[in-house]
2 protein chains.
Amino acid sequence: MHYLKQEKAPTIQDVARHANVAVGTVSRVLNDSPGVKPATRQRVLEVIQQLDYSPNLIARSMTSRRTGSIGVIVPFFTRPFFSEVLRGVEVALTQARHEFILYNVQSNEQCVAYFRTLPKQHKVDGMLVLSLYPSDEDVANFQRAGMPVVLIDAFHPQLTSLVVNNAEGAFQAVMSLLEHGHRRIGFINGITEGNFHFNRANERYKGLQRAFSTMGMTHEDDLVVNVTWDRQGGRQAAMHLLTSPNRPTAIFATSDLQAIGVLEVARTLNLAVPADLSVIGFDGIELSEIMELSTVQQPMHHLGVLGAQKLIELIDTHEPLTAQPELIHLQPNLLLRRTVNAIQPQ
Amino acid sequence: MHYLKQEKAPTIQDVARHANVAVGTVSRVLNDSPGVKPATRQRVLEVIQQLDYSPNLIARSMTSRRTGSIGVIVPFFTRPFFSEVLRGVEVALTQARHEFILYNVQSNEQCVAYFRTLPKQHKVDGMLVLSLYPSDEDVANFQRAGMPVVLIDAFHPQLTSLVVNNAEGAFQAVMSLLEHGHRRIGFINGITEGNFHFNRANERYKGLQRAFSTMGMTHEDDLVVNVTWDRQGGRQAAMHLLTSPNRPTAIFATSDLQAIGVLEVARTLNLAVPADLSVIGFDGIELSEIMELSTVQQPMHHLGVLGAQKLIELIDTHEPLTAQPELIHLQPNLLLRRTVNAIQPQ
DNA sequence: TTGTATGCGTTATCAT
DNA sequence: ATGATAACGCATACAA
């Protein structure tokens, strides 16, 4: 092969020289600032074309103090729920001509490290945090660094937060089961592998309890199992619940993945769904549709889009830090599908 | 709330001043270069701590000409296949202390635009390209810009490429169907929504043809359907194939998602799988396991890890552009599960 | 309308 | 061992 010429990339200086103008003028052309003679502009444009010049974005960030990219901190980004939210984020961001750096977190230490270091590195203009709860100290750090932050599926009093009404979603799901005649309802509660600060699962538990008390009943503690949010966790929980004496006739899981795990175990135990067992999940990922799983649908895409838009807003308005943080509530939506049935007469 | 002090972030100058040293010394401490008296180092370190100073990475990139982040160009990143590869990328990258910017592409124009602009913007140190084929001109651009590129699940003679032996995978899948007695085998070929440059599907078709010719037979054209890579496409194709007279007894799809679509249609048509219809997919995504779908497993995670490692290598060695591009072959692996059965006696 | 000069926060190359 | 200073590529305030 012929040798490759790897000339240094042309700079604004080169353009200026070739066009017989000063760098200032080229800069003005680039940012189409007013006050440059059409003829000159034309000439500069031609040279730019000819030299195949493109501004160095890093250098530009030096003066503009904007990088054009935002950081997204997310646990286990390949999980369908997060993946769907990210999709929404991506849509809103590309529309706003921004890019995003993905900071995947798999352990508490990693999360803490990101919260600590990222605000001060100046690599991003703002941060989107998914399902993770920064501490007061972390928040103070963000503010000191002047770094806008939006929380998605998480909450902090001083940060713009988008939250889904988890309690309400759980309430509806469990009410539905109760109305179908179920009384022994297993509840699979999510803990997280990394031991992050979550509390969604507890809200969902409260929703369940409210449903029971609405019906003048109380939920029995022995039907609550704490496991991880994934299929594996669901399988463990289901194995425990379904092989115990006086097994539940229905199971409500705090994630679809867990619910899928339940379905798998039910299959191996030869329990027919929904004849022998009703199941409701949470999230409304695509998989739930395929499996015809009843679930509490979260507005994942919307969560992502809205969160990204709010963040861009904060960045663009240069966010007077006195501004009141917004708290935005979104509603989940119960989706009854194949896996829920009225309880069979014994 | 008390007013928020949003002081400007401290710079290396501030540190120098507070420590009564010159910026050069602070820089030396930061990069632990040799030749700085322990006492001085200590003092500087203390000031850094006290000021909560952290170097501005953008400014650092100015001189170092390295950003510490790489760009990943990927179509439809939420699809399980890409998502899994990305997971591998993330693992290798965080290990190498790099970050990645996700460039999601959904149309040919977007892809072309990324190929054109990204190399010259200096926002990333290198690029990872998934399942997309840059043109010769694009490649020339990369080289001119001195931007290392690694192709994953794609190939270009002048670029380090990781490819899976698609033909072999398809061959094994179809051979298995043939050995199970199937003769009328539907083939669902993938086209892509965005009209990118793909050719994987054709390789898979070749594998199918080779299997047939190995058995001294030929595959009939009317059993080939071209649809998109997703569930939707699979459903369309299945509907077409399964409602035609003399329907196939088995279907081989070029993606698991398509195969899932086939299963869905089979269910609505009251065709039992595998009694009435055998199905094999391609990719080996988690969903295939849940659905007990037979499939050709691709080394997705490995693809991501290896690709990222190769790219980091290129970046670190500052890649003398004369270097021979590597071509790395990975093998897929046939996974026979519930959805394949010997053909039933009519 | 256009040119010049300064600054952005580092690193690196000189001196000292 | 450390200090002073020139790049790095661009934007911008100020001059002309």
# chains A, B, ... in the order shown; residues from 1 in each chain; ligands from 1
$ residues_around --residues "Arg184 of chain B" --least-positions-apart "2" --cutoff "8 Å" --atoms "only C-alpha atoms (C1' of nucleotides)" --output "list in words"
His182, Gly186, Leu223, Arg247, Pro248, Thr249 and Ala250 of chain B
$ interface_residues --of "chain B" --to "chain D" --cutoff "7 Å" --atoms "only C-alpha atoms (C1' of nucleotides)" --output "JSON, numbers by chain"
{"B": [22, 25, 35, 36, 37, 62, 63]}
$ write_last_selection --atoms "C-alpha atoms" --output "PDB file, in the first residue's frame"
ATOM      1  CA  ALA B  22       5.329  27.170  40.507  1.00  0.00           C
ATOM      2  CA  THR B  25       5.965  21.717  40.218  1.00  0.00           C
ATOM      3  CA  GLY B  35      12.533  15.037  40.639  1.00  0.00           C
ATOM      4  CA  VAL B  36      10.396  16.755  43.193  1.00  0.00           C
ATOM      5  CA  LYS B  37      11.511  16.927  46.791  1.00  0.00           C
ATOM      6  CA  MET B  62      -5.327  20.237  24.987  1.00  0.00           C
ATOM      7  CA  THR B  63      -1.704  19.438  25.525  1.00  0.00           C
TER       8      THR B  63
END
$ residues_around --residues "segment 259-268 of chain B" --least-positions-apart "2" --cutoff "6 Å" --atoms "only C-alpha atoms (C1' of nucleotides)" --output "PyMOL selection string"
chain B and resi 231+234-235+238+253+256-257+270-271+281
$ write_last_selection --atoms "C-alpha atoms" --output "PDB file, in the first residue's frame"
ATOM      1  CA  ARG B 231     -39.570  -9.234  16.067  1.00  0.00           C
ATOM      2  CA  GLY B 234     -39.949 -12.130  12.065  1.00  0.00           C
ATOM      3  CA  ARG B 235     -43.691 -11.980  12.452  1.00  0.00           C
ATOM      4  CA  ALA B 238     -43.536 -16.152   9.546  1.00  0.00           C
ATOM      5  CA  ALA B 253     -33.976 -16.930  11.124  1.00  0.00           C
ATOM      6  CA  ASP B 256     -33.251 -14.401  17.646  1.00  0.00           C
ATOM      7  CA  LEU B 257     -35.668 -11.525  17.637  1.00  0.00           C
ATOM      8  CA  ASN B 270     -51.999 -22.941  16.517  1.00  0.00           C
ATOM      9  CA  LEU B 271     -48.852 -24.547  15.267  1.00  0.00           C
ATOM     10  CA  GLY B 281     -32.545 -18.305  15.581  1.00  0.00           C
TER      11      GLY B 281
END
$ interface_residues --of "chain A" --to "chain C" --cutoff "12 Å" --atoms "only C-alpha atoms (C1' of nucleotides)" --output "short mmCIF file (atom, residue, chain, number, x, y, z; two decimals) with N, CA and C atoms, in the first residue's frame"
data_model
loop_
_atom_site.label_atom_id
_atom_site.label_comp_id
_atom_site.auth_asym_id
_atom_site.auth_seq_id
_atom_site.Cartn_x
_atom_site.Cartn_y
_atom_site.Cartn_z
N ALA A 16 -6.82 30.70 8.33
CA ALA A 16 -6.63 32.15 8.27
C ALA A 16 -5.53 32.50 7.26
N ASN A 20 -5.92 34.55 3.79
CA ASN A 20 -5.42 35.91 3.96
C ASN A 20 -6.31 36.76 4.86
N VAL A 21 -6.72 36.15 5.95
CA VAL A 21 -7.48 36.91 6.94
C VAL A 21 -6.89 36.58 8.31
N ALA A 22 -7.42 37.18 9.34
CA ALA A 22 -6.94 36.87 10.68
C ALA A 22 -7.82 35.78 11.30
N VAL A 23 -7.27 35.12 12.29
CA VAL A 23 -8.00 34.02 12.92
C VAL A 23 -9.36 34.47 13.43
N GLY A 24 -9.39 35.69 13.93
CA GLY A 24 -10.65 36.22 14.43
C GLY A 24 -11.75 36.13 13.39
N THR A 25 -11.40 36.48 12.20
CA THR A 25 -12.39 36.45 11.12
C THR A 25 -12.87 35.04 10.86
N VAL A 26 -11.93 34.13 10.81
CA VAL A 26 -12.33 32.74 10.59
C VAL A 26 -13.27 32.29 11.70
N SER A 27 -12.90 32.64 12.91
CA SER A 27 -13.74 32.27 14.05
C SER A 27 -15.16 32.82 13.87
N ARG A 28 -15.23 34.06 13.43
CA ARG A 28 -16.53 34.67 13.22
C ARG A 28 -17.33 33.92 12.17
N PRO A 34 -22.24 38.00 13.25
CA PRO A 34 -22.53 39.04 12.27
C PRO A 34 -21.29 39.89 12.02
N GLY A 35 -21.36 40.66 10.99
CA GLY A 35 -20.28 41.62 10.75
C GLY A 35 -19.08 41.04 10.06
N VAL A 36 -19.31 40.23 9.05
CA VAL A 36 -18.20 39.80 8.22
C VAL A 36 -18.68 39.89 6.77
N LYS A 37 -17.90 40.54 5.97
CA LYS A 37 -18.31 40.83 4.59
C LYS A 37 -18.56 39.52 3.84
N PRO A 38 -19.69 39.48 3.14
CA PRO A 38 -20.06 38.26 2.41
C PRO A 38 -18.91 37.69 1.58
N ALA A 39 -18.20 38.56 0.92
CA ALA A 39 -17.10 38.10 0.07
C ALA A 39 -16.05 37.38 0.91
N THR A 40 -15.70 37.99 2.03
CA THR A 40 -14.71 37.38 2.92
C THR A 40 -15.22 36.05 3.42
N ARG A 41 -16.44 36.06 3.88
CA ARG A 41 -17.03 34.84 4.40
C ARG A 41 -16.91 33.73 3.35
N ILE A 58 -12.19 20.11 21.45
CA ILE A 58 -11.56 20.20 22.78
C ILE A 58 -11.11 21.63 23.03
N ALA A 59 -10.43 22.18 22.04
CA ALA A 59 -9.95 23.56 22.17
C ALA A 59 -11.12 24.50 22.36
N ARG A 60 -12.17 24.22 21.62
CA ARG A 60 -13.34 25.07 21.72
C ARG A 60 -13.92 25.02 23.13
N SER A 61 -13.90 23.83 23.71
CA SER A 61 -14.45 23.69 25.06
C SER A 61 -13.66 24.52 26.07
N MET A 62 -12.38 24.70 25.78
CA MET A 62 -11.54 25.48 26.68
C MET A 62 -12.13 26.85 26.91
N THR A 63 -12.50 27.49 25.86
CA THR A 63 -13.01 28.86 26.01
C THR A 63 -14.51 28.89 26.27
N SER A 64 -15.22 27.99 25.62
CA SER A 64 -16.68 28.05 25.76
C SER A 64 -17.12 27.50 27.11
N ARG A 65 -16.27 26.69 27.72
CA ARG A 65 -16.60 26.04 28.98
C ARG A 65 -17.82 25.14 28.83
N ARG A 66 -17.99 24.63 27.64
CA ARG A 66 -19.05 23.66 27.39
C ARG A 66 -18.48 22.54 26.55
N GLN A 121 -14.26 17.11 36.94
CA GLN A 121 -13.36 16.81 35.82
C GLN A 121 -13.64 17.65 34.58
N HIS A 122 -14.81 18.27 34.57
CA HIS A 122 -15.17 19.14 33.46
C HIS A 122 -15.31 18.40 32.13
#
$ select_by_dssp --residues "segment 41-198 of chain B" --states "strand (DSSP E or B)" --output "JSON, numbers by chain"
{"B": [69, 70, 71, 72, 73, 74, 75, 99, 100, 101, 102, 103, 104, 105, 127, 128, 129, 130, 149, 150, 151, 152, 160, 161, 162, 163, 164, 185, 186, 187, 188, 189, 190, 191]}
$ residues_around --residues "Glu84 of chain A" --least-positions-apart "3" --cutoff "10 Å" --atoms "only C-alpha atoms (C1' of nucleotides)" --output "list in words"
Phe77, Thr78, Arg79, Pro80, Phe81, Arg87, Gly88, Val89, Glu90, Ile285, Glu286, Pro299, Met300, His301, His302, Leu303 and Gly304 of chain A; Thr78 and Arg79 of chain B
$ write_last_selection --atoms "C-alpha atoms" --output "PDB file, in the first residue's frame"
ATOM      1  CA  PHE A  77     -27.186  -0.378  31.629  1.00  0.00           C
ATOM      2  CA  THR A  78     -27.935  -3.525  29.667  1.00  0.00           C
ATOM      3  CA  ARG A  79     -30.975  -4.359  31.747  1.00  0.00           C
ATOM      4  CA  PRO A  80     -34.079  -3.720  29.709  1.00  0.00           C
ATOM      5  CA  PHE A  81     -35.487  -1.102  32.035  1.00  0.00           C
ATOM      6  CA  ARG A  87     -33.072   5.061  24.537  1.00  0.00           C
ATOM      7  CA  GLY A  88     -35.248   7.976  25.507  1.00  0.00           C
ATOM      8  CA  VAL A  89     -32.250   9.888  26.748  1.00  0.00           C
ATOM      9  CA  GLU A  90     -30.491   9.321  23.472  1.00  0.00           C
ATOM     10  CA  ILE A 285     -40.255  -4.223  29.339  1.00  0.00           C
ATOM     11  CA  GLU A 286     -40.651  -5.692  25.875  1.00  0.00           C
ATOM     12  CA  PRO A 299     -43.105   5.291  31.256  1.00  0.00           C
ATOM     13  CA  MET A 300     -39.492   4.366  30.547  1.00  0.00           C
ATOM     14  CA  HIS A 301     -39.039   6.137  27.285  1.00  0.00           C
ATOM     15  CA  HIS A 302     -40.758   9.221  28.582  1.00  0.00           C
ATOM     16  CA  LEU A 303     -38.625   9.158  31.696  1.00  0.00           C
ATOM     17  CA  GLY A 304     -35.516   9.264  29.540  1.00  0.00           C
TER      18      GLY A 304
ATOM     19  CA  THR B  78     -30.894  -1.182  22.788  1.00  0.00           C
ATOM     20  CA  ARG B  79     -31.194  -4.356  20.778  1.00  0.00           C
TER      21      ARG B  79
END
$ interface_residues --of "chain A" --to "chain B" --cutoff "6 Å" --atoms "only C-alpha atoms" --output "ChimeraX atom specification"
/A:6,56-57,78,83,100-101,121-122,144
